[in-house]
file protein_0.cif (mmCIF, C-alpha atoms)
data_final
#
loop_
_atom_site.label_atom_id
_atom_site.label_comp_id
_atom_site.auth_asym_id
_atom_site.auth_seq_id
_atom_site.Cartn_x
_atom_site.Cartn_y
_atom_site.Cartn_z
CA MET A 235 69.10 116.67 95.73
CA PRO A 236 71.88 114.07 96.05
CA LYS A 237 72.44 112.61 99.50
CA ALA A 238 75.41 113.78 101.58
CA LEU A 239 78.09 111.31 102.67
CA ASN A 240 80.58 112.22 105.39
CA VAL A 241 84.25 111.62 104.63
CA ALA A 242 87.07 111.09 107.10
CA MET A 243 90.43 111.56 105.39
CA ILE A 244 93.37 109.97 107.18
CA GLY A 245 96.53 111.79 106.16
CA GLY A 246 97.35 115.02 104.38
CA GLY A 247 100.25 116.20 102.27
CA PHE A 248 100.23 116.03 98.48
CA MET A 249 97.68 113.24 98.21
CA GLY A 250 95.44 114.85 100.79
CA LYS A 251 95.39 117.99 98.65
CA ALA A 252 94.49 115.96 95.55
CA HIS A 253 91.67 114.07 97.28
CA ALA A 254 90.25 117.15 99.01
CA ALA A 255 90.18 119.03 95.69
CA ALA A 256 88.29 116.12 94.12
CA TYR A 257 85.68 116.08 96.90
CA ALA A 258 85.07 119.78 96.44
CA ALA A 259 84.97 119.70 92.63
CA MET A 260 83.24 116.42 91.79
CA PRO A 261 79.65 117.77 92.06
CA MET A 262 80.69 120.78 89.97
CA PHE A 263 81.74 118.50 87.11
CA PHE A 264 79.25 115.64 87.44
CA TRP A 265 75.76 116.92 88.11
CA PRO A 266 73.53 115.64 89.43
CA ALA A 267 76.26 114.07 91.52
CA PRO A 268 75.75 110.53 92.82
CA ALA A 269 76.33 112.01 96.30
CA ILE A 270 77.78 115.13 97.88
CA PRO A 271 81.10 114.35 99.62
CA VAL A 272 81.14 116.21 102.93
CA ARG A 273 84.68 116.89 104.11
CA LYS A 274 83.85 116.03 107.69
CA VAL A 275 87.15 115.35 109.47
CA ILE A 276 90.82 115.20 108.58
CA VAL A 277 93.29 113.20 110.66
CA ASP A 278 97.04 113.75 110.81
CA VAL A 279 99.89 112.68 113.06
CA SER A 280 99.54 115.72 115.31
CA HIS A 281 96.70 118.03 116.20
CA GLU A 282 98.65 120.98 114.78
CA LEU A 283 99.06 119.33 111.37
CA ALA A 284 95.44 118.17 111.38
CA GLU A 285 94.19 121.66 112.20
CA GLU A 286 96.31 123.10 109.43
CA GLY A 287 94.85 120.52 107.05
CA ARG A 288 91.32 121.33 108.21
CA VAL A 289 91.74 124.97 107.28
CA ARG A 290 93.68 124.36 104.09
CA TYR A 291 91.53 121.53 102.69
CA GLY A 292 88.12 122.70 103.87
CA PHE A 293 87.25 120.04 106.44
CA GLU A 294 84.85 120.69 109.28
CA GLU A 295 86.91 119.00 112.00
CA ALA A 296 90.49 117.97 112.78
CA SER A 297 91.79 115.03 114.80
CA SER A 298 94.99 113.16 115.58
CA ASP A 299 93.21 109.92 116.58
CA TRP A 300 92.25 107.93 113.48
CA ARG A 301 91.01 104.96 115.53
CA ALA A 302 88.36 107.08 117.23
CA VAL A 303 87.38 108.70 113.95
CA VAL A 304 86.80 105.48 112.00
CA ARG A 305 84.48 104.24 114.77
CA ARG A 306 82.27 107.33 114.61
CA PRO A 307 78.73 106.48 113.47
CA ASP A 308 78.46 109.68 111.45
CA ILE A 309 81.38 108.73 109.17
CA ASP A 310 80.36 107.04 105.91
CA VAL A 311 83.65 106.96 104.00
CA VAL A 312 87.23 106.50 105.19
CA ASP A 313 89.88 107.83 102.80
CA ILE A 314 93.43 106.55 103.45
CA VAL A 315 96.22 108.81 102.15
CA THR A 316 98.96 107.79 104.57
CA PRO A 317 102.34 106.12 103.94
CA ASN A 318 102.09 102.48 102.91
CA ASP A 319 102.93 100.91 106.27
CA SER A 320 99.64 102.05 107.84
CA HIS A 321 97.25 101.15 105.00
CA ALA A 322 96.42 97.66 106.26
CA GLU A 323 95.81 98.61 109.90
CA ILE A 324 93.56 101.55 109.05
CA ALA A 325 91.64 99.77 106.29
CA ILE A 326 90.96 96.67 108.36
CA ALA A 327 89.72 98.78 111.29
CA ALA A 328 87.54 100.84 108.95
CA ALA A 329 86.08 97.69 107.39
CA GLU A 330 85.29 96.27 110.82
CA ALA A 331 83.50 99.54 111.57
CA GLY A 332 81.40 99.11 108.42
CA LYS A 333 82.86 102.02 106.47
CA HIS A 334 83.27 102.38 102.73
CA ILE A 335 86.98 102.79 101.95
CA ILE A 336 89.15 104.39 99.31
CA CYS A 337 92.88 103.78 99.79
CA GLU A 338 95.83 105.26 97.97
CA LYS A 339 98.11 103.01 95.96
CA PRO A 340 99.86 100.71 96.35
CA LEU A 341 97.21 98.98 98.42
CA ALA A 342 99.83 97.55 100.79
CA ARG A 343 103.53 96.81 101.20
CA THR A 344 103.10 93.11 100.39
CA ALA A 345 100.55 90.76 98.89
CA ALA A 346 99.99 89.25 102.33
CA GLU A 347 98.94 92.64 103.73
CA ALA A 348 96.79 93.31 100.69
CA LYS A 349 95.07 89.95 101.08
CA ALA A 350 94.18 90.76 104.70
CA MET A 351 92.67 94.05 103.54
CA ARG A 352 90.74 92.37 100.73
CA ASP A 353 89.41 89.74 103.11
CA ALA A 354 88.36 92.38 105.66
CA VAL A 355 86.27 94.40 103.19
CA GLY A 356 84.86 91.19 101.75
CA LYS A 357 83.68 90.15 105.18
CA ALA A 358 82.26 93.60 105.90
CA GLY A 359 80.54 93.90 102.53
CA THR A 360 81.52 97.57 102.18
CA VAL A 361 82.46 99.37 98.97
CA ASN A 362 86.22 99.65 98.46
CA MET A 363 88.57 101.19 95.92
CA VAL A 364 92.33 101.47 95.46
CA ALA A 365 93.28 104.81 93.93
CA PHE A 366 95.03 103.95 90.67
CA ASN A 367 93.74 107.18 89.17
CA TYR A 368 95.66 107.11 85.88
CA ARG A 369 93.20 104.61 84.43
CA ARG A 370 90.60 107.38 84.90
CA THR A 371 92.33 109.50 82.24
CA PRO A 372 89.76 109.70 79.43
CA ALA A 373 92.32 108.65 76.80
CA VAL A 374 93.18 105.52 78.81
CA ALA A 375 89.49 104.68 79.21
CA LEU A 376 89.10 105.25 75.46
CA ALA A 377 91.90 102.76 74.79
CA ARG A 378 90.01 100.22 76.90
CA LYS A 379 86.83 100.95 74.89
CA TYR A 380 88.60 100.37 71.58
CA ILE A 381 90.07 97.10 72.87
CA GLU A 382 86.72 95.87 74.19
CA GLU A 383 85.10 96.71 70.85
CA GLY A 384 87.71 94.60 69.07
CA ARG A 385 89.05 97.60 67.15
CA ILE A 386 92.67 96.38 67.37
CA GLY A 387 91.86 92.67 67.26
CA ARG A 388 93.55 90.09 69.47
CA ILE A 389 96.21 91.69 71.68
CA LEU A 390 99.74 90.55 70.90
CA ASN A 391 101.89 92.66 73.20
CA PHE A 392 101.97 95.47 75.75
CA ARG A 393 104.84 97.85 76.48
CA GLY A 394 104.64 100.14 79.47
CA THR A 395 106.96 102.64 81.12
CA TYR A 396 106.86 104.98 84.07
CA LEU A 397 109.94 107.17 84.14
CA GLN A 398 110.60 110.01 86.58
CA ASP A 399 113.71 111.88 87.72
CA TRP A 400 112.81 113.27 91.14
CA SER A 401 115.19 110.87 92.92
CA ALA A 402 118.03 110.91 90.39
CA ASP A 403 120.09 113.26 92.57
CA PRO A 404 121.80 111.22 95.35
CA ASP A 405 121.58 114.25 97.65
CA SER A 406 117.78 114.41 97.56
CA PRO A 407 116.24 113.50 100.92
CA LEU A 408 115.59 110.10 102.45
CA SER A 409 111.82 110.06 101.96
CA TRP A 410 109.85 107.19 103.45
CA ARG A 411 109.58 105.98 99.86
CA PHE A 412 113.22 104.82 100.12
CA GLN A 413 112.62 102.73 103.26
CA LYS A 414 111.41 99.16 102.86
CA LYS A 415 109.79 98.99 106.31
CA VAL A 416 107.49 101.86 105.33
CA ALA A 417 107.13 101.63 101.55
CA GLY A 418 107.51 97.88 101.00
CA SER A 419 109.43 98.47 97.77
CA GLY A 420 110.75 101.37 95.74
CA ALA A 421 110.00 102.07 92.09
CA ILE A 422 108.17 98.74 91.91
CA GLY A 423 105.40 99.72 94.32
CA ASP A 424 105.48 103.49 93.98
CA ILE A 425 105.17 103.84 90.21
CA GLY A 426 105.56 100.39 88.68
CA THR A 427 102.22 99.31 90.09
CA HIS A 428 100.52 102.08 88.08
CA VAL A 429 101.79 100.39 84.91
CA VAL A 430 100.75 96.98 86.24
CA ASP A 431 97.25 98.34 86.89
CA ILE A 432 96.98 99.74 83.37
CA ALA A 433 98.31 96.48 81.90
CA ARG A 434 95.68 94.49 83.81
CA TYR A 435 93.00 97.03 82.83
CA LEU A 436 93.81 96.83 79.12
CA VAL A 437 95.22 93.33 78.57
CA GLY A 438 94.33 91.09 81.52
CA GLU A 439 96.07 89.19 84.28
CA ILE A 440 99.87 88.94 84.32
CA ALA A 441 100.95 85.32 84.69
CA GLU A 442 104.77 85.46 84.91
CA VAL A 443 107.54 88.03 85.18
CA CYS A 444 111.32 88.06 84.70
CA ALA A 445 112.83 91.19 86.18
CA LEU A 446 116.05 93.14 86.63
CA VAL A 447 116.10 95.37 89.72
CA GLN A 448 118.69 98.02 90.59
CA THR A 449 119.40 100.35 93.50
CA TYR A 450 121.67 103.17 92.33
CA HIS A 451 122.04 105.30 95.48
CA LYS A 452 122.60 103.28 98.65
CA THR A 453 122.29 106.25 101.03
CA ARG A 454 120.49 109.60 101.09
CA PRO A 455 120.47 112.62 103.44
CA VAL A 456 118.24 112.23 106.48
CA GLN A 457 115.39 114.73 106.37
CA SER A 458 115.09 117.64 108.74
CA GLY A 459 111.71 118.44 110.26
CA GLY A 460 108.63 116.24 110.42
CA LEU A 461 107.28 116.56 106.89
CA ASP A 462 108.23 114.12 104.16
CA LYS A 463 110.12 115.77 101.32
CA LEU A 464 110.42 114.53 97.75
CA GLY A 465 113.24 114.88 95.24
CA ALA A 466 114.28 118.41 94.56
CA ALA A 467 112.27 119.78 97.50
CA GLU A 468 115.41 119.73 99.63
CA LYS A 469 119.01 118.81 98.92
CA ASN A 470 121.70 118.60 101.56
CA ALA A 471 125.03 117.02 100.69
CA THR A 472 126.42 117.59 104.21
CA ALA A 473 123.59 116.04 106.25
CA ALA A 474 123.85 112.68 107.98
CA ARG A 475 122.90 109.92 105.57
CA GLY A 476 120.57 106.97 106.02
CA GLU A 477 120.33 103.65 104.21
CA VAL A 478 118.21 103.12 101.09
CA ASP A 479 116.98 99.53 101.01
CA VAL A 480 114.49 99.59 98.12
CA ASP A 481 114.81 99.46 94.35
CA ASP A 482 115.42 102.53 92.20
CA GLU A 483 114.52 100.79 88.94
CA VAL A 484 112.79 97.68 87.65
CA VAL A 485 112.80 96.36 84.09
CA THR A 486 110.81 93.23 83.37
CA LEU A 487 109.41 90.95 80.72
CA LEU A 488 105.77 89.96 81.08
CA LYS A 489 103.62 86.99 80.13
CA PHE A 490 99.84 87.44 80.26
CA ASP A 491 97.25 84.77 80.94
CA GLY A 492 95.63 85.41 77.56
CA GLY A 493 98.82 84.69 75.62
CA ALA A 494 100.07 88.23 75.08
CA ILE A 495 103.63 89.16 76.00
CA GLY A 496 105.09 92.46 77.08
CA SER A 497 107.56 94.56 79.00
CA LEU A 498 107.54 97.12 81.80
CA GLU A 499 110.11 99.64 82.99
CA ALA A 500 109.81 101.90 86.01
CA THR A 501 112.43 104.20 87.45
CA ARG A 502 112.66 107.40 89.45
CA ASN A 503 116.22 108.02 88.19
CA ALA A 504 115.66 109.02 84.54
CA TYR A 505 116.93 112.59 84.19
CA GLY A 506 114.69 114.58 81.86
CA ARG A 507 111.61 112.43 82.42
CA ASN A 508 109.03 114.07 84.66
CA ASN A 509 105.93 111.90 84.67
CA PHE A 510 106.56 109.72 81.63
CA LEU A 511 103.83 107.12 82.01
CA THR A 512 103.36 105.48 78.62
CA PHE A 513 101.95 102.36 77.04
CA GLU A 514 101.73 100.87 73.60
CA VAL A 515 99.42 97.97 72.77
CA HIS A 516 99.69 96.05 69.50
CA GLY A 517 96.97 93.76 68.23
CA THR A 518 96.17 91.78 65.12
CA GLY A 519 93.97 94.64 63.92
CA GLY A 520 95.84 97.76 64.97
CA SER A 521 97.78 99.58 67.67
CA ILE A 522 97.20 102.11 70.46
CA ALA A 523 99.79 104.36 72.11
CA PHE A 524 99.55 106.81 75.03
CA ASN A 525 101.83 109.21 76.88
CA TYR A 526 100.49 110.73 80.10
CA GLU A 527 102.53 113.89 79.56
CA ARG A 528 100.20 114.44 76.55
CA ARG A 529 97.15 113.07 78.33
CA ASP A 530 94.47 114.60 76.07
CA GLU A 531 95.80 112.50 73.19
CA LEU A 532 95.48 108.86 72.18
CA GLN A 533 97.50 107.62 69.23
CA VAL A 534 95.62 105.00 67.21
CA MET A 535 96.25 102.98 64.06
CA PHE A 536 93.72 100.54 62.63
CA ALA A 537 94.89 97.90 60.16
CA ASP A 538 91.81 98.31 57.98
CA ASP A 539 92.60 101.96 57.27
CA PRO A 540 93.04 102.70 53.56
CA ALA A 541 96.57 102.26 52.27
CA ASP A 542 97.00 106.01 51.77
CA ALA A 543 96.01 106.74 55.39
CA ARG A 544 97.96 104.07 57.29
CA GLY A 545 99.90 105.18 60.33
CA PHE A 546 99.22 106.59 63.77
CA ARG A 547 96.73 109.42 64.07
CA THR A 548 95.82 111.48 67.11
CA VAL A 549 92.43 111.38 68.78
CA TYR A 550 91.93 114.34 71.12
CA THR A 551 89.61 113.38 73.95
CA GLY A 552 86.52 115.43 74.65
CA PRO A 553 82.74 115.19 75.08
CA ALA A 554 82.41 112.15 72.76
CA HIS A 555 84.74 110.05 74.89
CA PRO A 556 84.62 108.39 78.33
CA TYR A 557 83.76 110.88 81.11
CA GLY A 558 83.60 113.62 78.46
CA SER A 559 80.11 114.78 79.34
CA GLY A 560 81.23 115.71 82.86
CA LEU A 561 84.51 117.40 82.06
CA TRP A 562 85.22 120.12 79.49
CA PRO A 563 83.02 120.93 76.45
CA ILE A 564 85.80 121.12 73.83
CA PRO A 565 88.27 118.35 72.88
CA ALA A 566 91.87 118.99 73.98
CA LEU A 567 90.84 121.83 76.27
CA GLY A 568 93.01 120.19 78.91
CA ILE A 569 92.79 117.29 81.34
CA GLY A 570 95.07 117.39 84.38
CA TYR A 571 95.96 115.24 87.36
CA THR A 572 93.14 116.79 89.38
CA GLU A 573 90.57 115.77 86.78
CA THR A 574 91.64 112.13 87.06
CA LYS A 575 91.03 112.38 90.81
CA ILE A 576 87.63 114.01 90.20
CA VAL A 577 86.64 111.15 87.90
CA GLU A 578 87.94 108.67 90.49
CA CYS A 579 85.82 110.38 93.15
CA TYR A 580 82.75 110.24 90.87
CA ASP A 581 83.19 106.53 90.18
CA PHE A 582 83.74 105.75 93.86
CA PHE A 583 80.68 107.61 95.11
CA SER A 584 78.60 106.18 92.27
CA ALA A 585 79.58 102.74 93.51
CA VAL A 586 78.77 103.61 97.14
CA VAL A 587 75.31 104.89 96.22
CA GLY A 588 74.72 102.01 93.81
CA GLY A 589 75.87 99.36 96.25
CA ILE A 590 78.35 97.88 93.77
CA GLN A 591 82.10 97.34 93.82
CA PRO A 592 84.08 99.75 91.65
CA SER A 593 87.24 98.92 89.77
CA PRO A 594 90.01 98.85 90.78
CA ASN A 595 88.92 97.57 94.17
CA PHE A 596 90.84 95.79 96.92
CA GLU A 597 90.75 92.54 94.91
CA ASP A 598 92.52 94.38 92.09
CA GLY A 599 94.92 95.93 94.58
CA TYR A 600 95.73 92.47 95.93
CA ARG A 601 96.38 91.07 92.45
CA THR A 602 98.64 94.02 91.65
CA ALA A 603 100.49 93.43 94.92
CA CYS A 604 101.03 89.81 93.86
CA VAL A 605 102.69 91.07 90.67
CA ALA A 606 104.83 93.50 92.71
CA ASP A 607 105.96 90.67 95.01
CA ALA A 608 106.82 88.56 91.97
CA LEU A 609 108.85 91.41 90.47
CA GLY A 610 110.83 91.74 93.69
CA GLU A 611 111.47 88.01 93.90
CA SER A 612 112.49 87.80 90.25
CA GLY A 613 114.83 90.74 90.69
CA GLU A 614 116.58 88.89 93.50
CA THR A 615 116.76 85.47 91.82
CA GLY A 616 116.99 86.35 88.13
CA ALA A 617 114.37 83.69 87.39
CA TRP A 618 110.94 83.72 85.78
CA ILE A 619 108.43 83.91 88.66
CA LYS A 620 104.81 82.86 88.38
CA VAL A 621 102.44 85.45 89.81
CA GLN A 622 100.39 84.16 92.73
CA GLN A 623 96.72 83.93 91.80
#
call {"tool": "encode", "arguments": {"input": "protein_0.cif", "output": "structure tokens"}}
result
Amino acid sequence: MPKALNVAMIGGGFMGKAHAAAYAAMPMFFWPAPAIPVRKVIVDVSHELAEEGRVRYGFEEASSDWRAVVRRPDIDVVDIVTPNDSHAEIAIAAAEAGKHIICEKPLARTAAEAKAMRDAVGKAGTVNMVAFNYRRTPAVALARKYIEEGRIGRILNFRGTYLQDWSADPDSPLSWRFQKKVAGSGAIGDIGTHVVDIARYLVGEIAEVCALVQTYHKTRPVQSGGLDKLGAAEKNATAARGEVDVDDEVVTLLKFDGGAIGSLEATRNAYGRNNFLTFEVHGTGGSIAFNYERRDELQVMFADDPADARGFRTVYTGPAHPYGSGLWPIPALGIGYTETKIVECYDFFSAVVGGIQPSPNFEDGYRTACVADALGESGETGAWIKVQQ
């Protein structure tokens, strides 16, 4: 039987639900599992919220003291699903306690914070991962496979978008995601970094950026109650309003180390776009296109196709493709957000048991944070900014 590893999850909410579901389901999908994640203890800001999370998410214990929990000798894995401003403090303490760590994205508010986290896990020698789960979508992993096999030749350009509309209404609440002291940045860090991660995964390191950054709504209604609310969850045009000091949108040109060029756009203000994470990669031997809203599909075109068959065709992911043996037995049966988290969980625990570093790890999270910092600086100055290496 696989060994059991005790997990302490710091934080709840939407991401806590996603991670807890993955811990429960991973052995059901990937068997024999590399390890059995034991939902040992959940930590939240109050005992009442933690106890609610314990019951709801199937943990054995509840606590409101994360510092005491990460020091416990019976905890093997610390899972950080808190707002961005606490990632560094928790991760560094967990590393010093010798724990393996998975941390939600973005890794930190700034590259400086991310570097401190990377250095802490490097010193501790523990396994670490940053949870950019979209690269775990089988179609995205298949795109990487085609690129590594040389199926589309030398990469010429990359185009990526992440468009949402949950904050398009100016009367949607002042989530912590609109506050620089908590989030670090707005669309850049929240969703733009997902595109940066995929760009790095498929194409390589980003060398320079030239960005436009906009903030459309300078104030939003202050939330009532203690729980963070997103977008359409609550609207209140008459409530007291607080300042928004992060970006709503970023549009940027990209230069890659390998010579490819590209573009990236991320906004949470695009009415009609729900979770429109897309990329298109063109090479000397073909092209690949993906839309997360149709995540079972990868559009491919190979230049050596016969003349009467040239054009994009659809590959529906299934058992023949990355992670296919552990998911569903029929192509296009349906991959959802939860499945990407299950795959992420599988890869993380495989790395813990194997004593190797997964990808993306805290080094990747740091490099992505360097790109995010460069995007912010370029948006302020209007200049091309070299990404810190």
call {"tool": "resolve_selection", "arguments": {"input": "protein_0.cif", "expression": "the PyMOL selection byres ((chain A and resi 238) around 12)", "output": "list in words"}}
result
Met235, Pro236, Lys237, Leu239, Asn240, Val241, Tyr257, Pro261, Ala267, Pro268, Ala269, Ile270, Pro271, Val272, Arg273, Lys274, Asp308, Ile309, Asp310, Val311, Phe583, Val586 and Val587 of chain A
call {"tool": "residues_near_point", "arguments": {"input": "protein_0.cif", "point": "(98.7, 82.3, 95.1)", "cutoff": "10 Å", "atoms": "only C-alpha atoms", "output": "number ranges by chain"}}
result
A: 345, 601, 604, 620-623
call {"tool": "closest_residue", "arguments": {"input": "protein_0.cif", "among": "A:Ala494, A:Cys579, A:Ala523, A:Ile425", "to": "Ile336 of chain A", "atoms": "only C-alpha atoms"}}
result
A:Cys579
call {"tool": "resolve_selection", "arguments": {"input": "protein_0.cif", "expression": "the PyMOL selection byres ((chain A and resi 324-332) around 12)", "output": "mmCIF file with C-alpha atoms, keeping the file's coordinate frame"}}
result
data_model
loop_
_atom_site.group_PDB
_atom_site.id
_atom_site.type_symbol
_atom_site.label_atom_id
_atom_site.label_comp_id
_atom_site.auth_asym_id
_atom_site.auth_seq_id
_atom_site.Cartn_x
_atom_site.Cartn_y
_atom_site.Cartn_z
ATOM 1 C CA ALA A 242 87.070 111.090 107.100
ATOM 2 C CA MET A 243 90.430 111.560 105.390
ATOM 3 C CA ILE A 244 93.370 109.970 107.180
ATOM 4 C CA GLY A 245 96.530 111.790 106.160
ATOM 5 C CA VAL A 277 93.290 113.200 110.660
ATOM 6 C CA ASP A 299 93.210 109.920 116.580
ATOM 7 C CA TRP A 300 92.250 107.930 113.480
ATOM 8 C CA ARG A 301 91.010 104.960 115.530
ATOM 9 C CA ALA A 302 88.360 107.080 117.230
ATOM 10 C CA VAL A 303 87.380 108.700 113.950
ATOM 11 C CA VAL A 304 86.800 105.480 112.000
ATOM 12 C CA ARG A 305 84.480 104.240 114.770
ATOM 13 C CA ARG A 306 82.270 107.330 114.610
ATOM 14 C CA PRO A 307 78.730 106.480 113.470
ATOM 15 C CA ASP A 308 78.460 109.680 111.450
ATOM 16 C CA ILE A 309 81.380 108.730 109.170
ATOM 17 C CA ASP A 310 80.360 107.040 105.910
ATOM 18 C CA VAL A 311 83.650 106.960 104.000
ATOM 19 C CA VAL A 312 87.230 106.500 105.190
ATOM 20 C CA ASP A 313 89.880 107.830 102.800
ATOM 21 C CA ILE A 314 93.430 106.550 103.450
ATOM 22 C CA VAL A 315 96.220 108.810 102.150
ATOM 23 C CA THR A 316 98.960 107.790 104.570
ATOM 24 C CA PRO A 317 102.340 106.120 103.940
ATOM 25 C CA ASN A 318 102.090 102.480 102.910
ATOM 26 C CA ASP A 319 102.930 100.910 106.270
ATOM 27 C CA SER A 320 99.640 102.050 107.840
ATOM 28 C CA HIS A 321 97.250 101.150 105.000
ATOM 29 C CA ALA A 322 96.420 97.660 106.260
ATOM 30 C CA GLU A 323 95.810 98.610 109.900
ATOM 31 C CA LYS A 333 82.860 102.020 106.470
ATOM 32 C CA HIS A 334 83.270 102.380 102.730
ATOM 33 C CA ILE A 335 86.980 102.790 101.950
ATOM 34 C CA ILE A 336 89.150 104.390 99.310
ATOM 35 C CA CYS A 337 92.880 103.780 99.790
ATOM 36 C CA GLU A 338 95.830 105.260 97.970
ATOM 37 C CA LEU A 341 97.210 98.980 98.420
ATOM 38 C CA ALA A 342 99.830 97.550 100.790
ATOM 39 C CA GLU A 347 98.940 92.640 103.730
ATOM 40 C CA ALA A 348 96.790 93.310 100.690
ATOM 41 C CA LYS A 349 95.070 89.950 101.080
ATOM 42 C CA ALA A 350 94.180 90.760 104.700
ATOM 43 C CA MET A 351 92.670 94.050 103.540
ATOM 44 C CA ARG A 352 90.740 92.370 100.730
ATOM 45 C CA ASP A 353 89.410 89.740 103.110
ATOM 46 C CA ALA A 354 88.360 92.380 105.660
ATOM 47 C CA VAL A 355 86.270 94.400 103.190
ATOM 48 C CA GLY A 356 84.860 91.190 101.750
ATOM 49 C CA LYS A 357 83.680 90.150 105.180
ATOM 50 C CA ALA A 358 82.260 93.600 105.900
ATOM 51 C CA GLY A 359 80.540 93.900 102.530
ATOM 52 C CA THR A 360 81.520 97.570 102.180
ATOM 53 C CA VAL A 361 82.460 99.370 98.970
ATOM 54 C CA ASN A 362 86.220 99.650 98.460
ATOM 55 C CA MET A 363 88.570 101.190 95.920
ATOM 56 C CA VAL A 364 92.330 101.470 95.460
ATOM 57 C CA PHE A 596 90.840 95.790 96.920
#
call {"tool": "closest_residue", "arguments": {"input": "protein_0.cif", "among": "A:Trp400, A:Tyr526, A:Phe392, A:Phe510", "to": "Asp482 of chain A", "atoms": "all atoms listed in the file"}}
result
A:Trp400
call {"tool": "residues_around", "arguments": {"input": "protein_0.cif", "residues": "Ala554 of chain A", "least_positions_apart": "4", "cutoff": "12 Å", "atoms": "all atoms listed in the file", "output": "compact mmCIF listing (two decimals) with C-alpha atoms, keeping the file's coordinate frame"}}
result
# COMPACT_ATOMS: atom_id res chain seq x y z
CA PRO A 372 89.76 109.70 79.43
CA ALA A 373 92.32 108.65 76.80
CA LEU A 376 89.10 105.25 75.46
CA VAL A 549 92.43 111.38 68.78
CA TYR A 550 91.93 114.34 71.12
CA GLY A 558 83.60 113.62 78.46
CA SER A 559 80.11 114.78 79.34
CA GLY A 560 81.23 115.71 82.86
CA LEU A 561 84.51 117.40 82.06
CA TRP A 562 85.22 120.12 79.49
CA PRO A 563 83.02 120.93 76.45
CA ILE A 564 85.80 121.12 73.83
CA PRO A 565 88.27 118.35 72.88
CA ALA A 566 91.87 118.99 73.98
call {"tool": "closest_residue", "arguments": {"input": "protein_0.cif", "among": "A:Arg502, A:His428, A:Arg507, A:His281", "to": "Arg411 of chain A", "atoms": "only C-alpha atoms"}}
result
A:Arg502
call {"tool": "residues_near_point", "arguments": {"input": "protein_0.cif", "point": "(111.2, 89.2, 89.1)", "cutoff": "10 Å", "atoms": "all atoms listed in the file", "output": "ChimeraX atom specification"}}
result
/A:442-447,484-488,605-621
call {"tool": "residues_around", "arguments": {"input": "protein_0.cif", "residues": "Ile440 of chain A", "least_positions_apart": "5", "cutoff": "6 Å", "atoms": "all atoms listed in the file", "output": "list in words"}}
result
Lys489, Phe490 and Asp491 of chain A
call {"tool": "atom_distance", "arguments": {"input": "protein_0.cif", "atom1": "atom CA of Gly552 of chain A", "atom2": "atom CA of Leu567 of chain A"}}
result
7.9 Å
call {"tool": "atom_distance", "arguments": {"input": "protein_0.cif", "atom1": "atom CA of Gly545 of chain A", "atom2": "atom CA of Val515 of chain A"}}
result
14.4 Å
call {"tool": "resolve_selection", "arguments": {"input": "protein_0.cif", "expression": "the PyMOL selection byres ((chain A and resi 533-540) around 6)", "output": "ChimeraX atom specification"}}
result
/A:519-523,532,541-548
call {"tool": "atom_distance", "arguments": {"input": "protein_0.cif", "atom1": "atom CA of Tyr435 of chain A", "atom2": "atom CA of Ala252 of chain A"}}
result
22.9 Å
call {"tool": "build_atoms", "arguments": {"input": "protein_0.cif", "residues": "segment 318-328 of chain A", "atoms": "N, CA and C atoms", "output": "mmCIF file, in the frame of the given file"}}
result
data_model
loop_
_atom_site.group_PDB
_atom_site.id
_atom_site.type_symbol
_atom_site.label_atom_id
_atom_site.label_comp_id
_atom_site.auth_asym_id
_atom_site.auth_seq_id
_atom_site.Cartn_x
_atom_site.Cartn_y
_atom_site.Cartn_z
ATOM 1 N N ASN A 318 102.561 103.838 103.174
ATOM 2 C CA ASN A 318 102.090 102.480 102.910
ATOM 3 C C ASN A 318 102.016 101.583 104.137
ATOM 4 N N ASP A 319 102.872 101.833 105.146
ATOM 5 C CA ASP A 319 102.930 100.910 106.270
ATOM 6 C C ASP A 319 101.703 100.958 107.174
ATOM 7 N N SER A 320 100.842 101.966 107.007
ATOM 8 C CA SER A 320 99.640 102.050 107.840
ATOM 9 C C SER A 320 98.364 101.703 107.081
ATOM 10 N N HIS A 321 98.450 101.420 105.791
ATOM 11 C CA HIS A 321 97.250 101.150 105.000
ATOM 12 C C HIS A 321 96.455 99.982 105.573
ATOM 13 N N ALA A 322 97.136 98.873 105.845
ATOM 14 C CA ALA A 322 96.420 97.660 106.260
ATOM 15 C C ALA A 322 95.710 97.877 107.596
ATOM 16 N N GLU A 323 96.400 98.430 108.581
ATOM 17 C CA GLU A 323 95.810 98.610 109.900
ATOM 18 C C GLU A 323 94.574 99.501 109.840
ATOM 19 N N ILE A 324 94.685 100.617 109.123
ATOM 20 C CA ILE A 324 93.560 101.550 109.050
ATOM 21 C C ILE A 324 92.403 100.935 108.269
ATOM 22 N N ALA A 325 92.703 100.316 107.132
ATOM 23 C CA ALA A 325 91.640 99.770 106.290
ATOM 24 C C ALA A 325 90.897 98.639 106.992
ATOM 25 N N ILE A 326 91.610 97.778 107.670
ATOM 26 C CA ILE A 326 90.960 96.670 108.360
ATOM 27 C C ILE A 326 90.064 97.195 109.477
ATOM 28 N N ALA A 327 90.546 98.183 110.232
ATOM 29 C CA ALA A 327 89.720 98.780 111.290
ATOM 30 C C ALA A 327 88.493 99.456 110.703
ATOM 31 N N ALA A 328 88.666 100.168 109.582
ATOM 32 C CA ALA A 328 87.540 100.840 108.950
ATOM 33 C C ALA A 328 86.517 99.836 108.431
#
